[in-house]
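Undergrad: Contents of model20.tsv (TSV, C-alpha atoms) are below:
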```tsv
chain	number	residue	atom	x	y	z
A	162	ALA	CA	0.00	0.00	0.00
A	163	THR	CA	2.86	2.35	0.79
A	164	HIS	CA	4.41	1.72	-2.61
A	165	GLU	CA	1.11	2.33	-4.41
A	166	ARG	CA	0.79	5.75	-2.73
A	167	ASP	CA	4.26	6.64	-4.07
A	168	MET	CA	3.34	5.62	-7.63
A	169	ASP	CA	2.12	8.05	-10.23
A	170	PRO	CA	-1.72	8.43	-9.93
A	171	PHE	CA	-2.15	7.54	-13.58
A	172	LEU	CA	-0.30	4.24	-13.15
A	173	THR	CA	-2.21	3.57	-9.92
A	174	ASN	CA	-5.51	3.88	-11.80
A	175	ILE	CA	-4.28	1.47	-14.46
A	176	ALA	CA	-3.17	-1.05	-11.83
A	177	ALA	CA	-6.60	-0.84	-10.22
A	178	ILE	CA	-8.25	-1.56	-13.56
A	179	TRP	CA	-6.12	-4.67	-14.10
A	180	LYS	CA	-7.07	-5.91	-10.64
A	181	ALA	CA	-10.68	-5.42	-11.49
A	182	GLU	CA	-10.20	-7.30	-14.76
A	183	ASP	CA	-8.70	-10.25	-12.91
A	184	GLU	CA	-11.74	-10.36	-10.67
A	185	ASP	CA	-14.07	-10.21	-13.67
A	186	LYS	CA	-15.54	-6.92	-12.48
A	187	LEU	CA	-15.06	-5.20	-15.84
A	188	ASP	CA	-17.53	-6.27	-18.49
A	189	SER	CA	-16.45	-4.18	-21.47
A	190	ALA	CA	-13.84	-1.90	-22.93
A	191	ASP	CA	-16.20	1.02	-22.29
A	192	THR	CA	-15.80	0.46	-18.55
A	193	ILE	CA	-12.01	0.53	-18.95
A	194	GLU	CA	-12.17	3.74	-20.91
A	195	ALA	CA	-14.40	5.38	-18.33
A	196	GLY	CA	-12.07	4.48	-15.45
A	197	VAL	CA	-8.93	6.01	-16.92
A	198	PRO	CA	-8.21	9.75	-16.79
A	199	GLY	CA	-8.46	11.58	-20.09
A	200	GLY	CA	-10.70	9.03	-21.79
A	201	ILE	CA	-7.88	6.63	-22.67
A	202	SER	CA	-9.10	3.50	-24.41
A	203	GLY	CA	-8.65	-0.09	-23.30
A	204	ASP	CA	-6.05	-0.60	-26.03
A	205	ASP	CA	-4.03	2.30	-24.65
A	206	VAL	CA	-4.19	0.76	-21.17
A	207	LEU	CA	-2.78	-2.50	-22.50
A	208	ALA	CA	-0.06	-0.62	-24.36
A	209	THR	CA	1.20	0.88	-21.10
A	210	LYS	CA	1.10	-2.40	-19.20
A	211	SER	CA	4.84	-3.05	-19.34
A	212	LEU	CA	5.60	0.46	-18.04
A	213	ALA	CA	3.43	0.00	-14.97
A	214	ASN	CA	4.80	-3.48	-14.35
A	215	VAL	CA	8.32	-2.10	-14.21
A	216	GLU	CA	7.27	0.79	-11.97
A	217	ALA	CA	5.44	-1.49	-9.54
A	218	ASN	CA	8.24	-4.04	-9.17
A	219	ASP	CA	10.39	-3.31	-6.10
A	220	GLN	CA	13.11	-5.75	-7.18
A	221	GLY	CA	13.95	-3.98	-10.42
A	222	THR	CA	13.28	-7.06	-12.56
A	223	ILE	CA	12.20	-6.42	-16.14
A	224	ALA	CA	10.84	-9.81	-17.08
A	225	LYS	CA	10.22	-13.18	-15.53
A	226	GLY	CA	13.26	-15.43	-15.66
A	227	VAL	CA	15.79	-12.59	-15.82
A	228	GLY	CA	16.57	-12.88	-12.12
A	229	VAL	CA	16.37	-10.64	-9.11
A	230	GLY	CA	19.14	-8.57	-7.64
A	231	GLU	CA	21.26	-5.76	-8.98
A	232	LYS	CA	24.73	-6.67	-10.25
A	233	ASN	CA	27.61	-4.64	-8.86
A	234	PRO	CA	30.01	-3.89	-11.76
A	235	TRP	CA	32.85	-3.31	-9.28
A	236	SER	CA	32.55	-6.74	-7.68
A	237	CYS	CA	35.01	-9.48	-8.57
A	238	SER	CA	32.31	-11.36	-10.52
A	239	TYR	CA	31.57	-8.45	-12.86
A	240	LEU	CA	34.64	-6.18	-12.77
A	241	GLY	CA	35.66	-7.58	-16.14
A	242	ILE	CA	32.91	-5.60	-17.87
A	243	PRO	CA	34.16	-2.06	-17.05
A	244	VAL	CA	37.73	-3.32	-17.59
A	245	ASN	CA	36.68	-4.61	-21.02
A	246	TYR	CA	35.35	-1.24	-22.12
A	247	PHE	CA	38.44	0.54	-20.80
A	248	SER	CA	40.52	-1.78	-22.98
A	249	VAL	CA	38.22	-1.14	-25.95
A	250	GLY	CA	38.87	2.59	-25.63
A	251	ILE	CA	42.62	1.92	-25.47
A	252	ILE	CA	42.87	-0.25	-28.59
A	253	TYR	CA	40.23	1.57	-30.65
A	254	ALA	CA	41.75	5.03	-30.26
A	255	GLY	CA	45.24	3.57	-30.10
A	256	SER	CA	44.98	1.90	-33.51
A	257	VAL	CA	43.10	4.61	-35.41
A	258	ASN	CA	44.99	7.63	-34.02
A	259	LEU	CA	48.36	5.98	-34.54
A	260	LEU	CA	47.93	5.93	-38.31
A	261	TYR	CA	48.44	9.63	-39.02
A	262	PRO	CA	51.77	10.18	-37.19
A	263	VAL	CA	53.22	6.92	-38.50
A	264	LEU	CA	51.83	6.66	-42.03
A	265	ILE	CA	51.65	10.32	-43.03
A	266	VAL	CA	54.38	11.98	-40.95
A	267	GLN	CA	56.94	9.22	-40.59
A	268	TYR	CA	56.48	7.21	-43.81
A	269	GLY	CA	54.98	9.92	-46.04
A	270	VAL	CA	52.34	7.67	-47.65
A	271	THR	CA	49.74	9.07	-50.02
A	272	SER	CA	46.43	10.43	-48.77
A	273	SER	CA	44.56	7.63	-50.56
A	274	PHE	CA	46.62	4.98	-48.73
A	275	TYR	CA	45.93	6.69	-45.42
A	276	ALA	CA	42.19	6.89	-46.11
A	277	ALA	CA	42.06	3.22	-47.08
A	278	ALA	CA	44.08	2.24	-44.01
A	279	SER	CA	41.75	4.17	-41.69
A	280	SER	CA	38.74	2.35	-43.11
A	281	LEU	CA	40.41	-1.07	-43.07
A	282	VAL	CA	41.55	-0.87	-39.46
A	283	THR	CA	37.95	-0.36	-38.29
A	284	VAL	CA	36.26	-2.58	-40.88
A	285	PHE	CA	35.04	-5.19	-38.40
A	286	TRP	CA	32.91	-2.63	-36.60
A	287	SER	CA	30.60	-2.87	-39.62
A	288	TYR	CA	30.07	-6.59	-39.01
A	289	LYS	CA	29.25	-6.61	-35.31
A	290	ILE	CA	25.99	-8.41	-36.07
A	291	ILE	CA	27.97	-11.47	-37.17
A	292	PHE	CA	29.68	-11.70	-33.79
A	293	GLY	CA	26.32	-11.22	-32.11
A	294	ILE	CA	24.89	-14.18	-34.02
A	295	LEU	CA	27.92	-16.28	-33.04
A	296	CYS	CA	27.41	-15.46	-29.36
A	297	ASP	CA	23.75	-16.49	-29.49
A	298	CYS	CA	24.01	-19.53	-31.75
A	299	LEU	CA	27.40	-20.97	-30.78
A	300	PRO	CA	28.01	-20.50	-27.04
A	301	ILE	CA	31.45	-21.50	-25.80
A	302	LEU	CA	31.14	-24.14	-23.05
A	303	GLY	CA	27.50	-23.21	-22.66
A	304	ARG	CA	28.19	-19.50	-22.06
A	305	ARG	CA	27.28	-16.96	-24.69
A	306	TRP	CA	29.57	-14.09	-23.79
A	307	LYS	CA	32.43	-15.00	-21.46
A	308	GLY	CA	34.26	-17.26	-23.92
A	309	TYR	CA	34.07	-14.71	-26.73
A	310	ILE	CA	35.32	-11.92	-24.48
A	311	ILE	CA	38.36	-13.98	-23.48
A	312	SER	CA	39.02	-15.27	-27.01
A	313	GLY	CA	38.71	-11.81	-28.54
A	314	TRP	CA	41.25	-10.24	-26.23
A	315	ILE	CA	43.69	-13.13	-26.71
A	316	ILE	CA	43.50	-12.61	-30.48
A	317	CYS	CA	44.02	-8.87	-30.06
A	318	ALA	CA	47.01	-9.32	-27.75
A	319	ALA	CA	48.55	-11.91	-30.09
A	320	MET	CA	48.33	-9.52	-33.07
A	321	LEU	CA	49.93	-6.70	-31.08
A	322	ILE	CA	52.76	-8.94	-29.90
A	323	GLY	CA	53.27	-10.01	-33.51
A	324	LEU	CA	53.42	-6.35	-34.53
A	325	ALA	CA	55.97	-5.61	-31.83
A	326	SER	CA	58.18	-8.44	-33.10
A	327	MET	CA	58.40	-6.86	-36.56
A	328	GLY	CA	60.67	-4.05	-35.40
A	329	ASN	CA	60.42	-0.28	-35.68
A	330	LEU	CA	60.73	-0.22	-39.47
A	331	VAL	CA	57.66	-2.37	-40.09
A	332	PRO	CA	56.30	-1.69	-43.60
A	333	PRO	CA	53.09	0.40	-43.67
A	334	THR	CA	51.04	-2.39	-45.26
A	335	GLN	CA	52.01	-4.90	-42.56
A	336	LEU	CA	51.31	-2.33	-39.85
A	337	VAL	CA	47.79	-1.78	-41.17
A	338	LEU	CA	47.10	-5.51	-41.52
A	339	MET	CA	48.24	-6.31	-37.98
A	340	LEU	CA	46.10	-3.51	-36.55
A	341	THR	CA	43.15	-4.75	-38.62
A	342	PHE	CA	43.37	-8.27	-37.20
A	343	ALA	CA	43.78	-6.82	-33.72
A	344	ASN	CA	40.53	-5.00	-34.47
A	345	LEU	CA	38.91	-8.35	-35.23
A	346	GLY	CA	39.73	-9.57	-31.74
A	347	TYR	CA	38.58	-6.60	-29.74
A	348	VAL	CA	35.36	-6.16	-31.74
A	349	MET	CA	34.51	-9.79	-30.93
A	350	ALA	CA	35.12	-9.07	-27.24
A	351	ASP	CA	33.18	-5.80	-27.41
A	352	VAL	CA	30.08	-7.42	-28.93
A	353	ALA	CA	30.06	-10.16	-26.31
A	354	ALA	CA	30.52	-7.60	-23.54
A	355	ASP	CA	27.57	-5.62	-24.95
A	356	GLY	CA	25.36	-8.65	-24.42
A	357	PHE	CA	26.73	-9.16	-20.92
A	358	MET	CA	26.18	-5.49	-20.11
A	359	VAL	CA	22.54	-5.60	-21.27
A	360	SER	CA	21.95	-8.65	-19.06
A	361	MET	CA	23.33	-6.72	-16.09
A	362	ALA	CA	21.20	-3.67	-16.95
A	363	HIS	CA	18.07	-5.84	-16.75
A	364	HIS	CA	18.69	-6.24	-13.02
A	365	GLU	CA	19.03	-2.56	-12.21
A	366	LYS	CA	16.39	-1.00	-10.01
A	367	ILE	CA	14.18	1.77	-11.35
A	368	GLU	CA	16.04	4.59	-9.61
A	369	ARG	CA	19.38	3.34	-10.94
A	370	ARG	CA	18.40	2.21	-14.39
A	371	GLY	CA	20.96	3.33	-16.97
A	372	LYS	CA	23.90	3.46	-14.55
A	373	ILE	CA	25.71	0.50	-16.10
A	374	GLN	CA	25.45	1.98	-19.60
A	375	THR	CA	26.81	5.28	-18.32
A	376	LEU	CA	29.67	3.51	-16.56
A	377	ILE	CA	30.85	1.54	-19.58
A	378	TYR	CA	30.90	4.63	-21.81
A	379	ILE	CA	32.87	6.53	-19.16
A	380	MET	CA	35.38	3.69	-18.97
A	381	ARG	CA	35.73	3.60	-22.76
A	382	GLU	CA	36.33	7.35	-22.96
A	383	VAL	CA	38.88	7.18	-20.13
A	384	GLY	CA	40.75	4.55	-22.12
A	385	ARG	CA	40.67	6.69	-25.25
A	386	LEU	CA	41.91	9.72	-23.33
A	387	MET	CA	44.82	7.83	-21.79
A	388	ILE	CA	46.07	6.30	-25.04
A	389	ASN	CA	45.76	9.65	-26.84
A	390	ILE	CA	48.01	11.18	-24.19
A	391	VAL	CA	50.52	8.40	-24.84
A	392	ILE	CA	50.37	9.10	-28.59
A	393	ILE	CA	50.86	12.85	-28.08
A	394	PHE	CA	54.02	12.39	-26.04
A	395	GLY	CA	55.25	9.17	-27.63
A	396	PHE	CA	54.99	10.19	-31.29
A	397	SER	CA	55.98	13.85	-31.19
A	398	GLY	CA	59.71	13.20	-31.06
A	399	PRO	CA	62.36	13.21	-33.79
A	400	SER	CA	62.05	9.52	-34.72
A	401	THR	CA	58.51	10.14	-35.98
A	402	ASN	CA	58.55	13.78	-37.09
A	403	CYS	CA	62.04	14.03	-38.60
A	404	PRO	CA	62.21	11.82	-41.73
A	405	GLY	CA	65.45	9.87	-41.90
A	406	TYR	CA	66.28	10.46	-38.25
A	407	GLN	CA	68.92	8.14	-36.80
A	408	SER	CA	69.78	7.87	-33.12
A	409	ASN	CA	72.86	5.78	-33.95
A	410	PRO	CA	75.68	8.01	-35.32
A	411	ASN	CA	77.32	4.99	-36.97
A	412	ILE	CA	74.47	4.65	-39.46
A	413	PRO	CA	74.88	6.94	-42.49
A	414	CYS	CA	72.11	9.37	-43.39
A	415	SER	CA	69.69	8.39	-46.12
A	416	THR	CA	69.93	10.10	-49.50
A	417	ASP	CA	66.56	8.83	-50.71
A	418	PRO	CA	64.63	11.82	-52.14
A	419	SER	CA	61.38	10.54	-50.61
A	420	VAL	CA	63.06	11.01	-47.22
A	421	THR	CA	65.30	14.03	-47.74
A	422	ASP	CA	62.56	16.09	-49.40
A	423	ARG	CA	60.51	15.91	-46.22
A	424	ASN	CA	63.27	16.95	-43.83
A	425	SER	CA	63.94	20.70	-43.72
A	426	LEU	CA	67.48	20.19	-42.36
A	427	TYR	CA	68.75	18.28	-45.39
A	428	THR	CA	69.45	21.35	-47.53
A	429	GLU	CA	71.75	22.93	-44.93
A	430	TYR	CA	73.19	19.74	-43.40
A	431	PRO	CA	73.15	17.05	-46.11
A	432	ASP	CA	75.62	14.78	-44.33
A	433	THR	CA	74.48	15.10	-40.72
A	434	TYR	CA	70.80	16.07	-40.92
A	435	CYS	CA	69.66	12.63	-39.77
A	436	TYR	CA	71.37	13.00	-36.38
A	437	MET	CA	69.69	16.32	-35.61
A	438	GLN	CA	66.28	17.16	-34.20
A	439	CYS	CA	64.20	18.95	-36.81
A	440	PRO	CA	61.81	21.84	-35.95
A	441	ASP	CA	58.76	19.59	-36.38
A	442	ALA	CA	59.72	17.46	-33.36
A	443	GLN	CA	58.20	18.72	-30.12
A	444	PHE	CA	60.21	16.50	-27.76
A	445	THR	CA	63.63	14.91	-27.70
A	446	PHE	CA	62.19	11.52	-26.76
A	447	GLY	CA	59.62	9.20	-28.25
A	448	LEU	CA	58.27	5.67	-28.56
A	449	THR	CA	59.03	3.12	-31.20
A	450	ILE	CA	56.25	1.06	-32.76
A	451	PRO	CA	57.32	-2.11	-30.88
A	452	GLN	CA	57.31	-0.25	-27.57
A	453	TYR	CA	53.87	1.18	-28.29
A	454	ALA	CA	52.46	-2.21	-29.33
A	455	TRP	CA	53.83	-3.81	-26.17
A	456	ILE	CA	52.13	-1.17	-24.00
A	457	ILE	CA	48.69	-1.98	-25.42
A	458	ALA	CA	49.36	-5.73	-25.47
A	459	ALA	CA	50.42	-5.60	-21.81
A	460	ILE	CA	47.17	-3.85	-20.88
A	461	ASN	CA	45.23	-6.59	-22.67
A	462	LEU	CA	47.17	-9.37	-20.98
A	463	VAL	CA	46.88	-7.83	-17.51
A	464	SER	CA	43.10	-7.52	-17.95
A	465	LEU	CA	42.59	-11.17	-18.96
A	466	PRO	CA	42.19	-12.53	-15.38
A	467	PHE	CA	39.23	-10.20	-14.84
A	468	TYR	CA	37.42	-11.86	-17.74
A	469	PHE	CA	38.00	-15.35	-16.36
A	470	PHE	CA	36.30	-14.28	-13.11
A	471	LEU	CA	33.15	-13.10	-14.90
A	472	LYS	CA	30.10	-14.87	-13.52
A	473	GLU	CA	27.79	-16.06	-16.28
A	474	ASP	CA	25.19	-18.78	-16.08
A	475	LYS	CA	25.04	-21.41	-18.78
A	476	ARG	CA	22.35	-20.80	-21.39
A	477	PRO	CA	21.06	-22.96	-24.22
A	478	ALA	CA	22.06	-21.89	-27.72
A	479	SER	CA	19.49	-19.94	-29.69
A	480	LYS	CA	18.19	-21.42	-32.91
A	481	CYS	CA	20.04	-19.61	-35.66
A	482	PHE	CA	17.09	-19.31	-38.02
A	483	LYS	CA	15.14	-17.51	-35.29
A	484	VAL	CA	18.03	-15.12	-34.69
A	485	LEU	CA	18.25	-14.36	-38.40
```
Transcribe the structure of this file into structure tokens.

TA:
Amino acid sequence: ATHERDMDPFLTNIAAIWKAEDEDKLDSADTIEAGVPGGISGDDVLATKSLANVEANDQGTIAKGVGVGEKNPWSCSYLGIPVNYFSVGIIYAGSVNLLYPVLIVQYGVTSSFYAAASSLVTVFWSYKIIFGILCDCLPILGRRWKGYIISGWIICAAMLIGLASMGNLVPPTQLVLMLTFANLGYVMADVAADGFMVSMAHHEKIERRGKIQTLIYIMREVGRLMINIVIIFGFSGPSTNCPGYQSNPNIPCSTDPSVTDRNSLYTEYPDTYCYMQCPDAQFTFGLTIPQYAWIIAAINLVSLPFYFFLKEDKRPASKCFKVL
């Protein structure tokens, strides 16, 4: 009774009508229409049934069978979800925003190559539905999401470790391909985590509904912010911004026109320009591509234990033709 007094009067009237229907006290739709403020029809009452059900449920449960009890995303059983989205922000921004300083500034590729590379690195975002179907139709060990989250991040980390092993002078094409396959892994994990997150959101109480969605977007943006800071400081040094730069004085300077034409020091210092910091470099230090790849791979590897602790009940696989 206390809860009904706190409810919106309009919803209270609707709840009273349903009670009367259950007791066979309403004989026609005209009676329903007369009992609702504003002359709302019986069809309109039925259309708002789910809204009132949610409002009247103290446990915050959306539908039968979903379960009762809010899930704490900071508990050991669910901490992997915010960690997952933090990692998504890291690798997403870290792969896309790396392309310009490396491909355009350091390697001097054409604008068409850069545009194609930007699209290719994020291509799997356009096929998220495929990963969603896999999660529903082909659960791993009876669990729809946990296995795909773990597998996705292992694939991503493996691609980044492979990229790090190629050295600092990795060809642009290989760089783009390795980042693209890393994208495959983290998109798989992201799609599975989306399903897990929605399941957690179903258990939120009315006054907190939407908190989990807000949290995961905050975590993703924090990850993007952090990796962008790394890119700003790590790829603003002479090794990236001064074409032909050599930190080892025993290596002779390049005379390749595609390199010398992009370094303003070559005209005045043709023999020693490669050992000097050009005006385009903002710092005297910087990261190499292997070092950068290892940073992101290490974040992925450190986060893996959190995914193994995710608590997910076993569910039967959905029939694929129904999903499609």

Undergrad: Give the answer as one residue: which of A:Gly255, A:Pro300, A:Gly313, A:Gly398 has the shortest atom-to-atom distance to A:Tyr468, using all atoms listed in the file?

TA: A:Gly313

Undergrad: Can you measure atom CA of A:Thr449 to atom CA of A:Val331 for me? One decimal in Å is fine.

TA: 10.5 Å

Undergrad: Between atom CA of A:Pro410 and atom CA of A:Thr334, measure the distance and give it in Å to one decimal.

TA: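 Computing it gives 28.5 Å between the two atoms.
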
Undergrad: Just the residues within 6 Å of stretch 285-298 of chain A, please, counting all atoms listed in the file, with nothing from its chain fewer than 2 positions along; format it as a list in words.

TA: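 Counting only the stated atoms, we get Thr283, Pro300, Arg305, Leu345, Met349, Ala478, Ser479 and Cys481 of chain A.
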
Undergrad: Would you mind listing what lies within 7 Å of A:Pro404 as a list in words, with only C-alpha atoms counted and same-chain residues fewer than 6 positions away left out?

TA: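 Selected residues are Gln267, Val420, Arg423 and Asn424 of chain A.
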
Undergrad: Can you find the residues with an atom no farther than 9 Å from (38.4, -8.0, -11.5), counting all atoms listed in the file, and report them as a PyMOL selection string?

TA: chain A and resi 235-242+244+464+466-471

Undergrad: Any chance you could export the current selection's C-alpha atoms as a CSV table (one decimal), keeping the file's coordinate frame?

TA:
```
chain,number,residue,atom,x,y,z
A,235,TRP,CA,32.8,-3.3,-9.3
A,236,SER,CA,32.6,-6.7,-7.7
A,237,CYS,CA,35.0,-9.5,-8.6
A,238,SER,CA,32.3,-11.4,-10.5
A,239,TYR,CA,31.6,-8.4,-12.9
A,240,LEU,CA,34.6,-6.2,-12.8
A,241,GLY,CA,35.7,-7.6,-16.1
A,242,ILE,CA,32.9,-5.6,-17.9
A,244,VAL,CA,37.7,-3.3,-17.6
A,464,SER,CA,43.1,-7.5,-18.0
A,466,PRO,CA,42.2,-12.5,-15.4
A,467,PHE,CA,39.2,-10.2,-14.8
A,468,TYR,CA,37.4,-11.9,-17.7
A,469,PHE,CA,38.0,-15.4,-16.4
A,470,PHE,CA,36.3,-14.3,-13.1
A,471,LEU,CA,33.2,-13.1,-14.9
```

Undergrad: Looking at all atoms listed in the file, which of A:Ala343, A:Leu338, A:Leu299, A:Leu321 is the one that sits closest to A:Leu281?

TA: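 With all atoms listed in the file as the atom set, the closest residue is A:Leu338.
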
Undergrad: Using all atoms listed in the file and a cutoff of 8 Å, can you tell me which residues are near (43.8, -8.8, -29.8) in the file's coordinates, and write them out as a list in words?

TA: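 Those residues, ordered by chain and then number, are Gly313, Trp314, Ile315, Ile316, Cys317, Ala318, Ala319, Met320, Leu321, Phe342, Ala343, Asn344, Leu345, Gly346, Tyr347, Ala458 and Asn461 of chain A.
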
Undergrad: To one decimal in Å, tell me the separation between atom CA of A:Tyr246 and atom CA of A:Gln374.

TA: 10.7 Å

Undergrad: Do you know which residues are at most 12 Å from A:Pro418 counting all atoms listed in the file, after dropping those on the same chain fewer than 3 positions away, and could you put them as a PDB file with C-alpha atoms, in the frame of the given file?

TA:
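Resulting contents of around-v9.pdb:
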```pdb
ATOM      1  CA  GLY A 269      54.980   9.920 -46.040  1.00  0.00           C
ATOM      2  CA  PRO A 404      62.210  11.820 -41.730  1.00  0.00           C
ATOM      3  CA  GLY A 405      65.450   9.870 -41.900  1.00  0.00           C
ATOM      4  CA  CYS A 414      72.110   9.370 -43.390  1.00  0.00           C
ATOM      5  CA  SER A 415      69.690   8.390 -46.120  1.00  0.00           C
ATOM      6  CA  THR A 421      65.300  14.030 -47.740  1.00  0.00           C
ATOM      7  CA  ASP A 422      62.560  16.090 -49.400  1.00  0.00           C
ATOM      8  CA  ARG A 423      60.510  15.910 -46.220  1.00  0.00           C
ATOM      9  CA  ASN A 424      63.270  16.950 -43.830  1.00  0.00           C
ATOM     10  CA  TYR A 427      68.750  18.280 -45.390  1.00  0.00           C
ATOM     11  CA  THR A 428      69.450  21.350 -47.530  1.00  0.00           C
ATOM     12  CA  PRO A 431      73.150  17.050 -46.110  1.00  0.00           C
TER      13      PRO A 431
END
```

Undergrad: Choose the residue, out of A:Phe274, A:Phe357, A:Tyr261, A:Phe446, that has the smallest atom-to-atom separation from A:Tyr309; count only C-alpha atoms.

TA: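 Smallest separation from A:Tyr309 among the options: A:Phe357.
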
Undergrad: Have a look at A:Ser248, A:Gln443, A:Ser272, A:Ser326 and name the one nearest to A:Ile393; count all atoms listed in the file.

TA: A:Gln443

Undergrad: So which one's closest to A:Tyr378, A:Leu264, A:Ser397, A:Met358, A:Arg304? Using only C-alpha atoms, please.

TA: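 Smallest distance to A:Tyr378 is found for A:Met358.
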
Undergrad: Using only C-alpha atoms, determine which residues lie at most 7 Å from stretch 437-439 of chain A, disregarding the query and same-chain residues fewer than 4 positions distant; provide the list as a list in words.

TA: Pro399, Cys403 and Leu426 of chain A

Undergrad: Of the candidates A:Met361, A:Ser425, A:Thr401, A:Ala354, which one gets nearest to A:Asn245 if we count all atoms listed in the file?

TA: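 Of A:Met361, A:Ser425, A:Thr401, A:Ala354, the one nearest A:Asn245, counting all atoms listed in the file, is A:Ala354.
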